[in-house]
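This report concerns only the one structure given below.
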Amino acid sequence: MKRAIYPGSFDPVTKGHLDVIARSARLVDELVVGVLNNSAKNALFSIQERVNMLKELISEFPNVTVDAFDGLLVDYAKRIDAAIIVRGLRAVTDFEYELQIAQTNHEIYADLETIFLTTRLEYAYLSSTIVKEVASYGGDISRFLPPQIIPRVYEKYGIKDFGK
Ligand code: ADP
């Protein structure tokens, strides 16, 4: 039985994340989407809000679950008996950082492999950070996020008449 973890901040979950979830769920028996509870990062959404949004969105995938974790990813992977880490690669800028993390994790826990899914071209530019930047100025974020997530992002910025 192959269990994988797809870790991230998901602040908020984007269509790019969902694409990685859908594609990696087909490759493994079980996929755990692990939401990192990182107090150092100033998150827009609380850990519970991020977990709940993901839970709503993954209900169509029978082998995907959502969980929150803190601390080292390798420790969490060991605890839930995951042998694979899934990460998404967008541009070369992701590569150097991701390679370093993957090699470090493999060094600490040799049985743990990281696999990378290259982003779909249409989401190559898409990040939670960019979405927040656009939304904070009342810009149109409808292309980037699942429909039910959109009003919650504007709400965080106190924007009521979005999409007008
Ligand atoms: P982190 O803070 O760990 O980078 P993110 O929520 O920003 O958390 O991203 C989680 C994972 O999803 C990362 O591996 C990231 O590269 C990947 N990812 C984010 N956006 C996209 C996208 N548009 N296409 C493919 N992968 C993506």
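In the structure tokens, chains take letters A, B, ... by order of appearance, with residues numbered from 1 within each chain and ligands from 1 in the order shown.
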
Test item: residues lying within 10 Å of ligand 1 with only C-alpha atoms and all ligand atoms, as JSON, numbers by chain: {"A": [6, 7, 8, 9, 10, 11, 12, 13, 14, 15, 16, 17, 18, 19, 20, 21, 33, 34, 35, 36, 38, 41, 85, 86, 87, 88, 89, 90, 91, 93, 94, 95, 97, 98, 115, 116, 117, 118, 119, 120, 121, 122, 123, 124, 125, 126, 127, 128, 129, 144]}

Shell of 10 Å around segment 149-163 of chain A, only C-alpha atoms, local chain residues under 5 positions omitted, as a list of chain:residue names: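 The neighbour list is A:Asp11, A:Pro12, A:Val13, A:Thr14, A:Leu44, A:Phe45, A:Glu49, A:Met53, A:Leu54, A:Glu56, A:Leu57, A:Val131, A:Lys132, A:Val134, A:Ala135, A:Ser136, A:Tyr137, A:Gly138, A:Gly139, A:Asp140, A:Ile141, A:Ser142, A:Arg143, A:Phe144.
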
Gap from atom CA of Glu60 of chain A to atom CA of Arg79 of chain A - Å, one decimal: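 Result for atom CA of Glu60 of chain A versus atom CA of Arg79 of chain A: 25.8 Å, one decimal.
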
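Compared by their closest atoms to Ile58 of chain A, and using only C-alpha atoms, the residues A:Ala43, A:Ala4, A:Val92, A:Ala22 rank with A:Ala22 nearest.
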
Alpha helix (DSSP H) residues, from DSSP on the backbone, in chain A, as a PyMOL selection string: chain A and resi 15-25+47-57+73-79+92-108+128-136+150-156

Option closest in space to Thr104 of chain A, from A:Val74, A:Ile47, A:Val32, A:Leu145 [counting only C-alpha atoms]: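 Selected residue with least distance to Thr104 of chain A: A:Val74.
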
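Across segment 17-55 of chain A, DSSP run on the backbone finds strand (DSSP E) at Glu30, Leu31, Val32, Val33, Gly34, Val35 and Leu36 of chain A.
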
Pick from A:Asp75, A:Asn42, A:Glu96, A:Ala25, whichever lies nearest to Pro62 of chain A using only C-alpha atoms: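 Checking each candidate against Pro62 of chain A, we get A:Ala25 as the closest.
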
8 Å contact set for Met1 of chain A, only C-alpha atoms, chain neighbours under 2 positions out, as a PDB file with C-alpha atoms, in the first residue's frame:
ATOM      1  CA  ARG A   3       0.634   6.290   0.991  1.00  0.00           C
ATOM      2  CA  ASP A  29      -3.213   4.210  -3.082  1.00  0.00           C
ATOM      3  CA  GLU A  30      -3.724   6.942  -0.522  1.00  0.00           C
TER       4      GLU A  30
END
